[in-house]
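Here is the file entry-v6.txt (compact mmCIF, C-alpha atoms and all ligand atoms).
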```txt
# COMPACT_ATOMS: atom_id res chain seq x y z
CA MET X 1 -22.48 14.33 33.69
CA ALA X 2 -21.00 11.24 32.09
CA ILE X 3 -20.31 9.52 28.80
CA GLU X 4 -23.28 7.28 28.14
CA SER X 5 -22.35 5.79 24.77
CA VAL X 6 -19.61 5.77 22.17
CA ASP X 7 -20.84 4.63 18.73
CA VAL X 8 -18.71 4.20 15.66
CA VAL X 9 -20.31 5.04 12.31
CA VAL X 10 -18.65 3.76 9.14
CA THR X 11 -20.14 5.24 5.98
CA SER X 12 -19.11 5.58 2.36
CA PRO X 13 -20.84 8.47 0.57
CA GLY X 14 -18.40 8.57 -2.34
CA ARG X 15 -15.50 7.56 -0.09
CA ASN X 16 -15.11 5.90 3.33
CA PHE X 17 -15.39 7.81 6.60
CA VAL X 18 -15.23 6.66 10.22
CA THR X 19 -16.92 8.84 12.85
CA ALA X 20 -17.07 8.48 16.63
CA VAL X 21 -20.40 9.59 18.11
CA VAL X 22 -20.17 10.27 21.84
CA THR X 23 -23.42 10.84 23.76
CA THR X 24 -23.58 12.15 27.32
CA SER X 25 -26.05 11.24 30.07
CA ASP X 26 -27.75 14.63 29.56
CA GLY X 27 -28.21 13.95 25.86
CA VAL X 28 -25.48 16.05 24.22
CA VAL X 29 -23.90 14.44 21.14
CA GLY X 30 -20.31 15.06 20.02
CA LEU X 31 -18.68 13.97 16.74
CA GLY X 32 -15.08 13.00 16.05
CA ASP X 33 -13.32 12.02 12.82
CA ALA X 34 -11.38 8.72 12.85
CA THR X 35 -10.88 8.29 9.09
CA LEU X 36 -7.55 6.69 8.17
CA ASN X 37 -7.46 6.39 4.39
CA GLY X 38 -7.18 2.72 3.33
CA ARG X 39 -7.09 1.42 6.94
CA GLU X 40 -10.53 2.62 8.05
CA LEU X 41 -11.74 -0.58 9.68
CA ALA X 42 -8.63 -0.92 11.85
CA VAL X 43 -9.47 2.37 13.58
CA ALA X 44 -13.17 1.48 13.79
CA SER X 45 -12.25 -1.73 15.63
CA TYR X 46 -9.73 0.06 17.88
CA LEU X 47 -12.48 2.46 18.92
CA ARG X 48 -15.29 -0.07 19.26
CA ASP X 49 -13.36 -2.90 20.84
CA HIS X 50 -10.70 -1.15 22.91
CA VAL X 51 -11.67 2.46 23.59
CA ALA X 52 -15.46 2.73 23.94
CA PRO X 53 -15.79 0.25 26.86
CA THR X 54 -13.14 2.11 28.90
CA LEU X 55 -14.91 5.49 28.59
CA LEU X 56 -18.47 4.67 29.64
CA GLY X 57 -19.44 6.51 32.81
CA ARG X 58 -16.48 8.91 32.74
CA ASP X 59 -16.85 12.67 33.07
CA GLU X 60 -16.89 14.02 29.51
CA SER X 61 -15.64 17.43 30.61
CA GLN X 62 -12.21 16.01 31.54
CA ILE X 63 -10.89 16.34 28.00
CA GLU X 64 -7.20 16.57 28.87
CA TRP X 65 -7.42 13.74 31.40
CA ILE X 66 -9.15 11.46 28.87
CA TRP X 67 -6.54 12.33 26.22
CA GLN X 68 -3.71 11.40 28.60
CA TYR X 69 -5.58 8.25 29.67
CA LEU X 70 -6.01 7.07 26.08
CA TYR X 71 -2.42 7.99 25.19
CA ARG X 72 -0.61 6.56 28.22
CA SER X 73 -2.77 3.72 29.50
CA PRO X 74 -2.62 1.16 26.62
CA TYR X 75 1.19 0.79 27.00
CA TRP X 76 1.52 0.97 23.15
CA ARG X 77 1.91 4.56 22.09
CA ARG X 78 1.50 6.66 18.95
CA GLY X 79 1.06 5.30 15.44
CA PRO X 80 -1.69 6.31 12.99
CA VAL X 81 -4.35 3.84 14.17
CA THR X 82 -4.04 4.72 17.87
CA MET X 83 -3.73 8.45 17.28
CA SER X 84 -6.70 8.61 14.89
CA ALA X 85 -8.83 6.81 17.48
CA ILE X 86 -7.69 9.21 20.22
CA ALA X 87 -8.35 12.09 17.83
CA ALA X 88 -11.95 11.06 17.28
CA ILE X 89 -12.75 10.91 20.99
CA ASP X 90 -10.92 14.16 21.67
CA MET X 91 -12.80 16.04 18.91
CA ALA X 92 -16.12 14.66 20.12
CA LEU X 93 -15.41 15.82 23.69
CA TRP X 94 -14.44 19.33 22.51
CA ASP X 95 -17.61 19.37 20.37
CA ILE X 96 -19.68 18.50 23.46
CA ALA X 97 -17.92 21.08 25.65
CA ALA X 98 -18.55 23.86 23.12
CA LYS X 99 -22.17 22.79 22.56
CA LYS X 100 -22.75 22.88 26.31
CA ALA X 101 -21.19 26.35 26.48
CA GLY X 102 -23.36 27.37 23.50
CA VAL X 103 -20.37 28.71 21.53
CA PRO X 104 -18.46 27.75 18.38
CA LEU X 105 -15.46 25.67 19.43
CA TYR X 106 -12.86 28.32 18.54
CA GLN X 107 -14.23 30.43 21.39
CA LEU X 108 -13.11 27.78 23.90
CA LEU X 109 -9.66 27.64 22.27
CA GLY X 110 -8.95 31.30 22.96
CA GLY X 111 -11.24 33.02 20.46
CA ALA X 112 -10.53 34.14 16.90
CA SER X 113 -7.02 35.37 16.14
CA ARG X 114 -8.04 36.34 12.61
CA SER X 115 -11.12 36.88 10.47
CA GLY X 116 -10.59 33.90 8.14
CA LEU X 117 -8.18 31.19 7.06
CA LEU X 118 -6.19 31.60 3.85
CA SER X 119 -6.83 28.38 1.89
CA TYR X 120 -5.28 26.61 -1.05
CA ALA X 121 -6.92 24.44 -3.69
CA HIS X 122 -5.59 21.45 -5.66
CA ALA X 123 -4.95 22.54 -9.25
CA SER X 124 -3.59 19.89 -11.57
CA GLY X 125 -3.37 18.99 -15.22
CA THR X 126 -1.79 16.31 -17.32
CA THR X 127 -0.44 19.13 -19.51
CA VAL X 128 0.53 22.71 -18.79
CA GLU X 129 -2.55 23.86 -20.75
CA THR X 130 -5.01 21.86 -18.67
CA LEU X 131 -3.17 22.91 -15.50
CA HIS X 132 -3.65 26.54 -16.50
CA GLU X 133 -7.37 25.89 -17.05
CA ALA X 134 -7.66 24.43 -13.57
CA ILE X 135 -5.85 27.38 -12.00
CA HIS X 136 -8.12 29.83 -13.86
CA GLY X 137 -11.12 27.86 -12.54
CA TYR X 138 -9.92 28.14 -8.93
CA LEU X 139 -9.13 31.84 -9.29
CA GLU X 140 -12.73 32.36 -10.42
CA GLN X 141 -13.87 30.62 -7.26
CA GLY X 142 -11.87 33.13 -5.22
CA PHE X 143 -8.77 31.12 -4.28
CA ARG X 144 -5.58 33.09 -3.72
CA ALA X 145 -3.31 30.07 -3.40
CA VAL X 146 -3.09 26.84 -5.41
CA ARG X 147 -1.13 23.62 -5.16
CA ILE X 148 0.12 22.78 -8.66
CA GLN X 149 0.74 19.19 -9.77
CA ALA X 150 1.38 18.29 -13.41
CA GLY X 151 1.85 15.34 -15.72
CA VAL X 152 5.42 14.34 -16.55
CA PRO X 153 6.29 13.39 -20.15
CA GLY X 154 6.73 9.62 -20.36
CA LEU X 155 4.67 8.79 -17.24
CA ASP X 156 1.09 7.59 -17.77
CA GLN X 157 -0.67 8.34 -14.54
CA ILE X 158 0.59 10.33 -11.56
CA TYR X 159 -1.09 10.47 -8.18
CA GLY X 160 -2.98 13.72 -7.72
CA VAL X 161 -2.78 14.73 -11.39
CA HIS X 162 -6.13 14.93 -13.23
CA ASP X 163 -7.70 17.07 -15.91
CA ALA X 164 -11.07 18.64 -15.17
CA ALA X 165 -13.99 16.26 -15.61
CA PRO X 166 -16.53 17.08 -18.35
CA GLY X 167 -18.59 19.99 -17.09
CA GLY X 168 -15.50 21.65 -15.67
CA THR X 169 -15.44 20.19 -12.17
CA TYR X 170 -12.05 19.77 -10.58
CA GLU X 171 -13.16 17.37 -7.83
CA TYR X 172 -11.30 14.10 -7.75
CA GLU X 173 -10.99 11.20 -5.36
CA PRO X 174 -7.48 9.73 -5.16
CA ALA X 175 -8.35 6.30 -3.71
CA GLY X 176 -9.61 3.54 -6.04
CA ARG X 177 -12.74 1.75 -4.73
CA ALA X 178 -14.18 -1.75 -4.88
CA ALA X 179 -17.89 -2.62 -4.88
CA VAL X 180 -19.57 -3.40 -1.53
CA GLY X 181 -18.31 -6.75 -0.26
CA GLU X 182 -15.66 -7.12 -2.97
CA ALA X 183 -11.94 -7.44 -2.34
CA MET X 184 -9.49 -5.19 -4.16
CA ARG X 185 -5.81 -4.67 -4.65
CA PRO X 186 -4.42 -1.14 -4.94
CA THR X 187 -3.59 0.02 -8.45
CA GLU X 188 0.11 0.41 -9.28
CA GLU X 189 1.60 3.47 -10.94
CA THR X 190 5.00 3.84 -12.57
CA TRP X 191 7.28 6.57 -11.28
CA ASP X 192 10.53 8.10 -12.53
CA THR X 193 12.14 10.75 -10.31
CA ALA X 194 14.71 11.87 -12.89
CA ALA X 195 11.97 12.66 -15.44
CA TYR X 196 10.01 14.55 -12.76
CA LEU X 197 13.01 16.62 -11.66
CA ARG X 198 13.78 17.56 -15.26
CA HIS X 199 10.20 18.63 -15.96
CA LEU X 200 8.74 20.34 -12.88
CA PRO X 201 10.73 23.62 -12.92
CA SER X 202 9.45 24.28 -16.47
CA VAL X 203 5.88 23.87 -15.18
CA PHE X 204 6.50 26.47 -12.47
CA ALA X 205 8.07 28.78 -15.07
CA ALA X 206 5.02 28.45 -17.35
CA VAL X 207 2.57 29.07 -14.50
CA ARG X 208 4.46 32.17 -13.31
CA GLU X 209 4.50 33.47 -16.86
CA GLU X 210 0.73 33.00 -17.23
CA PHE X 211 -0.37 34.12 -13.75
CA GLY X 212 2.33 36.57 -12.62
CA GLY X 213 4.22 36.74 -9.37
CA VAL X 214 1.54 37.29 -6.73
CA LEU X 215 -0.43 34.02 -6.79
CA ARG X 216 0.80 31.66 -4.08
CA LEU X 217 2.03 28.41 -5.61
CA LEU X 218 2.51 25.23 -3.59
CA HIS X 219 3.76 21.81 -4.64
CA ASP X 220 3.56 18.34 -3.08
CA GLY X 221 6.53 15.99 -3.64
CA HIS X 222 4.66 13.07 -1.99
CA HIS X 223 7.81 11.77 -0.24
CA ARG X 224 9.31 10.63 -3.52
CA MET X 225 12.78 12.13 -3.44
CA SER X 226 16.08 11.19 -1.86
CA PRO X 227 17.68 13.97 0.24
CA ILE X 228 19.96 15.16 -2.55
CA GLU X 229 17.16 15.03 -5.14
CA ALA X 230 14.97 17.05 -2.79
CA ALA X 231 17.75 19.59 -2.33
CA ARG X 232 18.04 19.93 -6.10
CA LEU X 233 14.31 20.46 -6.60
CA ALA X 234 14.06 22.96 -3.75
CA ARG X 235 16.94 24.90 -5.34
CA ASP X 236 15.50 24.68 -8.88
CA LEU X 237 12.07 25.96 -7.78
CA GLU X 238 13.51 28.93 -5.88
CA PRO X 239 13.37 31.40 -8.80
CA TYR X 240 9.59 30.85 -9.02
CA ASP X 241 9.00 31.82 -5.39
CA PRO X 242 7.08 28.76 -4.18
CA PHE X 243 4.96 29.19 -1.04
CA TRP X 244 6.17 25.73 -0.03
CA LEU X 245 7.53 22.41 -1.17
CA GLU X 246 5.67 19.67 0.67
CA ASP X 247 6.90 16.20 1.65
CA CYS X 248 10.07 16.43 -0.40
CA THR X 249 11.49 13.32 1.36
CA PRO X 250 9.93 10.46 3.35
CA GLY X 251 9.08 11.77 6.80
CA GLU X 252 10.71 9.12 8.96
CA ASP X 253 14.23 10.49 8.86
CA GLN X 254 13.98 14.01 10.17
CA SER X 255 17.69 14.75 9.93
CA VAL X 256 17.78 14.62 6.10
CA LEU X 257 15.99 17.96 5.94
CA ARG X 258 19.30 19.51 7.10
CA LEU X 259 20.75 18.77 3.68
CA VAL X 260 17.78 20.31 1.87
CA ARG X 261 18.05 23.44 4.04
CA GLN X 262 21.75 23.81 3.21
CA HIS X 263 20.94 24.13 -0.48
CA SER X 264 17.89 26.35 -0.68
CA THR X 265 15.55 28.89 0.85
CA THR X 266 12.39 27.24 -0.56
CA PRO X 267 9.99 26.93 2.41
CA LEU X 268 9.36 23.32 3.46
CA ALA X 269 6.19 21.66 4.76
CA ILE X 270 5.96 18.15 6.15
CA GLY X 271 3.88 16.04 8.50
CA GLU X 272 0.61 14.74 7.02
CA VAL X 273 1.66 11.20 7.97
CA PHE X 274 2.97 12.18 11.42
CA ASN X 275 0.92 11.47 14.53
CA SER X 276 2.49 13.27 17.45
CA VAL X 277 4.66 16.13 18.61
CA TYR X 278 7.62 13.74 18.89
CA ASP X 279 7.61 13.22 15.12
CA TYR X 280 8.44 16.92 14.86
CA GLN X 281 11.03 17.21 17.60
CA THR X 282 14.14 17.60 15.42
CA LEU X 283 12.26 19.38 12.63
CA ILE X 284 10.99 22.05 14.96
CA THR X 285 13.93 22.58 17.32
CA GLU X 286 16.36 22.83 14.38
CA ARG X 287 13.90 24.89 12.32
CA LEU X 288 14.14 22.42 9.44
CA ILE X 289 10.57 23.11 8.30
CA ASP X 290 8.35 26.15 7.93
CA TYR X 291 4.89 24.53 8.04
CA VAL X 292 3.29 21.74 10.07
CA ARG X 293 1.15 19.53 7.77
CA SER X 294 -0.67 17.43 10.39
CA SER X 295 -4.45 17.33 10.71
CA ALA X 296 -6.43 17.04 13.91
CA THR X 297 -7.66 13.66 12.62
CA HIS X 298 -4.26 11.95 12.46
CA ALA X 299 -2.40 13.76 15.22
CA GLY X 300 -4.48 13.03 18.30
CA GLY X 301 -7.31 15.50 17.80
CA ILE X 302 -7.47 19.13 18.82
CA THR X 303 -5.50 18.40 21.98
CA GLY X 304 -2.70 16.62 20.08
CA LEU X 305 -2.51 19.15 17.25
CA ARG X 306 -2.58 22.05 19.69
CA GLN X 307 0.45 20.55 21.50
CA ILE X 308 2.32 20.51 18.18
CA MET X 309 1.34 24.06 17.29
CA THR X 310 2.28 25.44 20.71
CA PHE X 311 5.70 23.83 20.39
CA ALA X 312 6.07 25.05 16.78
CA GLY X 313 5.02 28.56 17.75
CA ILE X 314 8.04 28.99 19.99
CA TYR X 315 10.21 28.47 16.89
CA GLY X 316 8.14 30.65 14.55
CA ILE X 317 6.83 27.66 12.58
CA ARG X 318 3.30 27.92 11.22
CA SER X 319 0.39 25.64 10.40
CA GLY X 320 -0.55 24.19 7.01
CA PHE X 321 -3.08 21.63 8.21
CA HIS X 322 -3.86 18.62 6.03
CA GLY X 323 -7.29 19.04 4.45
CA PRO X 324 -7.83 16.39 1.73
CA THR X 325 -11.21 14.68 1.26
CA ASP X 326 -10.05 11.77 3.42
CA VAL X 327 -10.15 14.10 6.41
CA SER X 328 -13.92 14.06 6.99
CA PRO X 329 -16.00 17.25 7.29
CA VAL X 330 -15.80 16.70 11.07
CA GLY X 331 -11.99 16.59 10.98
CA MET X 332 -11.92 19.57 8.66
CA ALA X 333 -14.06 21.58 11.07
CA ALA X 334 -11.65 20.68 13.90
CA ASN X 335 -8.73 22.00 11.81
CA LEU X 336 -10.62 25.21 11.09
CA HIS X 337 -11.54 25.98 14.69
CA LEU X 338 -7.97 25.44 15.85
CA GLY X 339 -6.55 27.38 12.88
CA LEU X 340 -8.77 30.35 13.62
CA ALA X 341 -7.69 30.42 17.26
CA ILE X 342 -3.92 29.92 17.15
CA HIS X 343 -1.50 32.75 16.55
CA ASN X 344 0.83 30.76 14.28
CA PHE X 345 -1.70 29.84 11.57
CA GLY X 346 -0.16 29.73 8.09
CA ILE X 347 -2.46 28.31 5.42
CA GLN X 348 -5.23 25.68 5.22
CA GLU X 349 -5.51 23.00 2.51
CA TYR X 350 -9.04 22.88 1.14
CA MET X 351 -10.19 20.01 -1.05
CA PRO X 352 -13.99 20.37 -0.88
CA HIS X 353 -16.08 17.26 -0.16
CA SER X 354 -18.54 16.05 -2.77
CA ALA X 355 -22.23 16.91 -2.74
CA LEU X 356 -22.92 13.26 -1.84
CA THR X 357 -20.60 13.43 1.20
CA LYS X 358 -22.44 16.56 2.31
CA THR X 359 -25.78 14.74 2.36
CA VAL X 360 -24.34 12.68 5.23
CA PHE X 361 -22.27 15.40 6.93
CA ARG X 362 -24.00 18.79 7.07
CA THR X 363 -21.31 21.40 7.43
CA GLY X 364 -21.46 24.94 8.75
CA TYR X 365 -18.06 26.14 7.55
CA ARG X 366 -17.92 28.61 4.70
CA PHE X 367 -15.52 29.76 2.00
CA ALA X 368 -15.44 33.27 0.56
CA ASP X 369 -12.74 35.41 -1.01
CA GLY X 370 -10.03 32.81 -0.59
CA LEU X 371 -10.70 32.40 3.13
CA LEU X 372 -12.38 29.63 5.12
CA HIS X 373 -14.29 30.19 8.35
CA PRO X 374 -15.58 27.44 10.68
CA GLY X 375 -18.97 29.13 11.17
CA ASP X 376 -20.66 30.15 14.40
CA ALA X 377 -22.90 27.20 15.29
CA PRO X 378 -22.22 25.79 18.78
CA GLY X 379 -19.52 23.09 18.85
CA LEU X 380 -17.70 21.95 15.72
CA GLY X 381 -20.69 22.96 13.60
CA VAL X 382 -21.06 19.66 11.72
CA GLU X 383 -24.06 17.33 11.90
CA LEU X 384 -24.08 13.67 10.97
CA ASP X 385 -27.28 12.34 9.37
CA ARG X 386 -27.19 8.74 10.54
CA GLU X 387 -30.07 7.66 8.30
CA GLU X 388 -28.26 8.95 5.23
CA ALA X 389 -25.01 7.44 6.51
CA ALA X 390 -26.62 4.00 6.76
CA LYS X 391 -27.42 4.09 3.03
CA HIS X 392 -23.73 4.00 2.09
CA GLU X 393 -21.98 0.78 3.07
CA TYR X 394 -18.22 0.55 3.50
CA ARG X 395 -16.34 -0.31 0.31
CA PRO X 396 -12.67 -1.33 0.33
CA ALA X 397 -10.61 1.54 -1.13
CA TYR X 398 -6.88 2.02 -1.40
CA LEU X 399 -4.47 4.66 -2.57
CA PRO X 400 -2.32 3.61 -5.53
CA VAL X 401 1.11 2.06 -5.02
CA ASN X 402 4.15 3.73 -6.55
CA ARG X 403 6.66 1.57 -8.47
CA LEU X 404 9.79 2.36 -10.45
CA ARG X 405 10.22 1.26 -14.06
CA ASP X 406 12.01 -1.91 -12.89
CA GLY X 407 8.99 -2.87 -10.77
CA SER X 408 10.52 -2.12 -7.37
CA VAL X 409 8.31 -0.40 -4.82
CA HIS X 410 9.07 3.29 -4.34
CA ASP X 411 8.28 5.84 -1.65
CA TRP X 412 5.42 8.17 -2.22
C1 LIG B 1 -2.30 16.14 0.36
C2 LIG B 1 -2.09 14.72 0.27
C3 LIG B 1 -3.21 13.81 0.07
C4 LIG B 1 -2.84 12.45 0.59
C5 LIG B 1 -4.01 11.69 1.09
C6 LIG B 1 -3.59 10.37 1.67
O1 LIG B 1 -1.32 16.85 0.44
O2 LIG B 1 -3.46 16.51 0.40
O3 LIG B 1 -0.81 14.30 0.00
O4 LIG B 1 -3.68 13.77 -1.25
O5 LIG B 1 -2.13 11.73 -0.34
O6 LIG B 1 -4.64 12.48 2.03
O7 LIG B 1 -4.58 9.81 2.41
MG MG B 2 0.47 15.88 0.74
```
Could the structure of this file be written out as structure tokens, please?
Ligand code: GCO
Ligand code: MG
Amino acid sequence: MAIESVDVVVTSPGRNFVTAVVTTSDGVVGLGDATLNGRELAVASYLRDHVAPTLLGRDESQIEWIWQYLYRSPYWRRGPVTMSAIAAIDMALWDIAAKKAGVPLYQLLGGASRSGLLSYAHASGTTVETLHEAIHGYLEQGFRAVRIQAGVPGLDQIYGVHDAAPGGTYEYEPAGRAAVGEAMRPTEETWDTAAYLRHLPSVFAAVREEFGGVLRLLHDGHHRMSPIEAARLARDLEPYDPFWLEDCTPGEDQSVLRLVRQHSTTPLAIGEVFNSVYDYQTLITERLIDYVRSSATHAGGITGLRQIMTFAGIYGIRSGFHGPTDVSPVGMAANLHLGLAIHNFGIQEYMPHSALTKTVFRTGYRFADGLLHPGDAPGLGVELDREEAAKHEYRPAYLPVNRLRDGSVHDW
């Protein structure tokens, strides 16, 4: 059989998503996530203009060959736009292969290595009291692990820190959005690392005091620290037994993690902005991290992410796949199938999509007792309702920009 069409669907049910829809000559449809937060249309064009025409008529069962073709043939390699486009095609081809076999995708990846995937939720609060409320809310839902982010005295608005909306819902969408057809500029937030470093250990202390020692606590540093600042925070959080400290420094310079390692035993997670196994080369071979944060969506699909996890497995490093709302339900399903199959699974981030998003993407994965499972429908187990999708036009949306008090642009 052969690839008959590759369509690209851009839709915005509450936030933007880009989906590749691959259809074979015998009528099987596969879905792949190509959503790159804030740069969605660049990937849509890459797929439509540069990838789709080269795939028509090719044998859709040659998943590895097509991955290598898309990776090696354009001359330009890696980068988030290219790798998200490759990811979408790769996921769609795996979806098709599993649908043709009549099995959930994890069965083609070696079968289930476990009964479910330990997942963590995003708990945050502008104050310690509201943070506690959020954690209590997630515990009631069954979570056994939470990422905790808190307001810092003196800073107005911090990325990822929100109190529950009226009615007690903890859903939030980090990217600001314009109206259809309108231009927008990202909002700017003021950041102060010294204030953050002074405050955060007291938040961990308060949460441990309220919730005891068993609950798994994670924290995301959003790339905001210098190496020595990161080393200090990792050391200061140690008494509170964090599950991990994520993105403590910007990811580009892998060697700086050596300094952080010298000063603490806090487990480290990094990689949501990485795109390939090469981004992890030093981190993995020198065991500078404990968890791989990539998602199938931004790391070349199931094939790309599996390469990373096989490499990591040799060094005892585990997965902590990126699962924010900007990874679409299709990308999330890809993470879950791979996570269920690999031996070196660690934890899965779970930021549930809104009810509106789920009217466009019908998902088969389920959450119970702190664990996610991809479900047992053939393929990835996600359906795209194209009629519903067409009702939600693309709207420009950007993550906020981080600036210091003097106005200079800061990492985040
Ligand atoms: C996380 C993240 C996200 C990202 C977002 C960027 O750990 O889930 O850091 O909130 O910032 O996915 O697109
Ligand atoms: Mg993160």
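For the choices X:Met83, X:Leu399, X:Ala52, X:Val146, the atom-to-atom distance to ligand LIG 1 (chain B) is smallest for X:Leu399 when using all atoms listed in the file.
For the pair CA of Gly331 in chain X and CA of Trp412 in chain X, the separation is 23.4 Å.
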Inset, instruction - With all atoms listed in the file counted, which protein, DNA or RNA residues have an atom no more than 12 Å from (-8.0, 10.4, 27.9) in the file frame? Please answer as a VMD selection string. - result: chain X and resid 51 to 52 54 to 55 58 to 74 83 85 to 91 93 300 to 301 303 to 304
List as a Markdown table every residue of chain X that is in contact with ligand MG 2 (chain B), defined as an atom at most 10 Å from one of its atoms (using only C-alpha atoms and all ligand atoms), together with the nearest atom pair and the distance in Å rounded to one decimal, sorted by chain and then rising number.
```
| residue | atom | partner | partner_atom | distance |
| --- | --- | --- | --- | --- |
| X:Arg147 | CA | B:MG2 | MG | 9.9 |
| X:Gly160 | CA | B:MG2 | MG | 9.4 |
| X:His219 | CA | B:MG2 | MG | 8.7 |
| X:Asp220 | CA | B:MG2 | MG | 5.5 |
| X:Gly221 | CA | B:MG2 | MG | 7.5 |
| X:His222 | CA | B:MG2 | MG | 5.7 |
| X:His223 | CA | B:MG2 | MG | 8.5 |
| X:Leu245 | CA | B:MG2 | MG | 9.8 |
| X:Glu246 | CA | B:MG2 | MG | 6.4 |
| X:Asp247 | CA | B:MG2 | MG | 6.5 |
| X:Cys248 | CA | B:MG2 | MG | 9.7 |
| X:Ala269 | CA | B:MG2 | MG | 9.1 |
| X:Ile270 | CA | B:MG2 | MG | 8.0 |
| X:Gly271 | CA | B:MG2 | MG | 8.5 |
| X:Glu272 | CA | B:MG2 | MG | 6.4 |
| X:Val273 | CA | B:MG2 | MG | 8.7 |
| X:Arg293 | CA | B:MG2 | MG | 8.0 |
| X:Ser294 | CA | B:MG2 | MG | 9.8 |
| X:His322 | CA | B:MG2 | MG | 7.4 |
| X:Gly323 | CA | B:MG2 | MG | 9.2 |
| X:Pro324 | CA | B:MG2 | MG | 8.4 |
| X:Glu349 | CA | B:MG2 | MG | 9.5 |
| X:Trp412 | CA | B:MG2 | MG | 9.6 |
```
Legend entry - Who sits within 12 Å of range 200-203 of chain X, all atoms listed in the file, same chain under 3 positions skipped, as a ChimeraX atom specification: /X:124-132,148-153,193-197,206-210,217,219-221,232-242,245
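Nearest-residue note for Val8 in chain X: choosing from X:Ile158, X:Leu41, X:Leu288, X:Leu47, the minimum distance belongs to X:Leu47, counting all atoms listed in the file.
Minimum atom-to-atom distances from X:Tyr398, X:Trp94, X:Phe311, X:Tyr138 to Ala296 in chain X were compared using only C-alpha atoms, and the lowest value belongs to X:Trp94.
Among the candidates X:Arg144, X:His263, X:His298, X:Lys100, the one nearest to ligand LIG 1 (chain B) when counting all atoms listed in the file is X:His298.
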Find the axis-aligned box for range 45-52 of chain X, covering all its listed atoms and adding 4 Å on each side, and write its centre and edge lengths in Å to one decimal as JSON.
```
{"center_x": -12.6, "center_y": -0.1, "center_z": 19.8, "size_x": 13.7, "size_y": 13.6, "size_z": 16.3}
```
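We find CA of Glu286 in chain X and CA of Ile342 in chain X to be spaced 21.7 Å apart.
Distances from X:Phe17, X:Phe345, X:Tyr365, X:Tyr280 to ligand LIG 1 (chain B) were compared using all atoms listed in the file, and the smallest one belongs to X:Phe17.
Contact shell of range 373-386 of chain X at 7 Å (all atoms listed in the file; same-chain neighbours under 4 positions omitted): Asp95, Ile96, Ala98, Lys99, Gly102, Val103, Pro104, Leu105, Gly116, Leu117, Val330, Ala333, Ala334, Leu336, His337, Val360, Phe361, Arg362, Thr363, Gly364, Tyr365, Arg366, Phe367 and Ala390 of chain X.
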Residues around (-2.9, 28.5, 8.7), cut-off 12 Å, counting only C-alpha atoms - what are they as a short mmCIF file (atom, residue, chain, number, x, y, z; two decimals) with C-alpha atoms, in the frame of the given file?
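Dumped everything to out28.cif:
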```
data_model
loop_
_atom_site.label_atom_id
_atom_site.label_comp_id
_atom_site.auth_asym_id
_atom_site.auth_seq_id
_atom_site.Cartn_x
_atom_site.Cartn_y
_atom_site.Cartn_z
CA SER X 113 -7.02 35.37 16.14
CA ARG X 114 -8.04 36.34 12.61
CA SER X 115 -11.12 36.88 10.47
CA GLY X 116 -10.59 33.90 8.14
CA LEU X 117 -8.18 31.19 7.06
CA LEU X 118 -6.19 31.60 3.85
CA SER X 119 -6.83 28.38 1.89
CA TYR X 120 -5.28 26.61 -1.05
CA ASP X 290 8.35 26.15 7.93
CA TYR X 291 4.89 24.53 8.04
CA VAL X 292 3.29 21.74 10.07
CA ARG X 293 1.15 19.53 7.77
CA SER X 294 -0.67 17.43 10.39
CA SER X 295 -4.45 17.33 10.71
CA MET X 309 1.34 24.06 17.29
CA ILE X 317 6.83 27.66 12.58
CA ARG X 318 3.30 27.92 11.22
CA SER X 319 0.39 25.64 10.40
CA GLY X 320 -0.55 24.19 7.01
CA PHE X 321 -3.08 21.63 8.21
CA HIS X 322 -3.86 18.62 6.03
CA GLY X 323 -7.29 19.04 4.45
CA ASN X 335 -8.73 22.00 11.81
CA LEU X 336 -10.62 25.21 11.09
CA HIS X 337 -11.54 25.98 14.69
CA LEU X 338 -7.97 25.44 15.85
CA GLY X 339 -6.55 27.38 12.88
CA LEU X 340 -8.77 30.35 13.62
CA ALA X 341 -7.69 30.42 17.26
CA ILE X 342 -3.92 29.92 17.15
CA HIS X 343 -1.50 32.75 16.55
CA ASN X 344 0.83 30.76 14.28
CA PHE X 345 -1.70 29.84 11.57
CA GLY X 346 -0.16 29.73 8.09
CA ILE X 347 -2.46 28.31 5.42
CA GLN X 348 -5.23 25.68 5.22
CA GLU X 349 -5.51 23.00 2.51
CA TYR X 350 -9.04 22.88 1.14
CA LEU X 371 -10.70 32.40 3.13
CA LEU X 372 -12.38 29.63 5.12
CA HIS X 373 -14.29 30.19 8.35
#
```
Legend entry - Counting all atoms listed in the file, the residue of X:Pro13, X:Pro329, X:Gly251, X:Pro80 that sits nearest Arg224 in chain X: X:Gly251
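One distance worth recording is that between CA of Ser264 in chain X and CA of Arg403 in chain X, which is 28.3 Å.
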Inset, instruction - Write out as a PyMOL selection string each polymer residue whose atoms come within 12 Å of Thr190 in chain X, counting all atoms listed in the file; drop sequence neighbours fewer than 4 positions from it. - result: chain X and resi 152+154-159+195-196+400-412
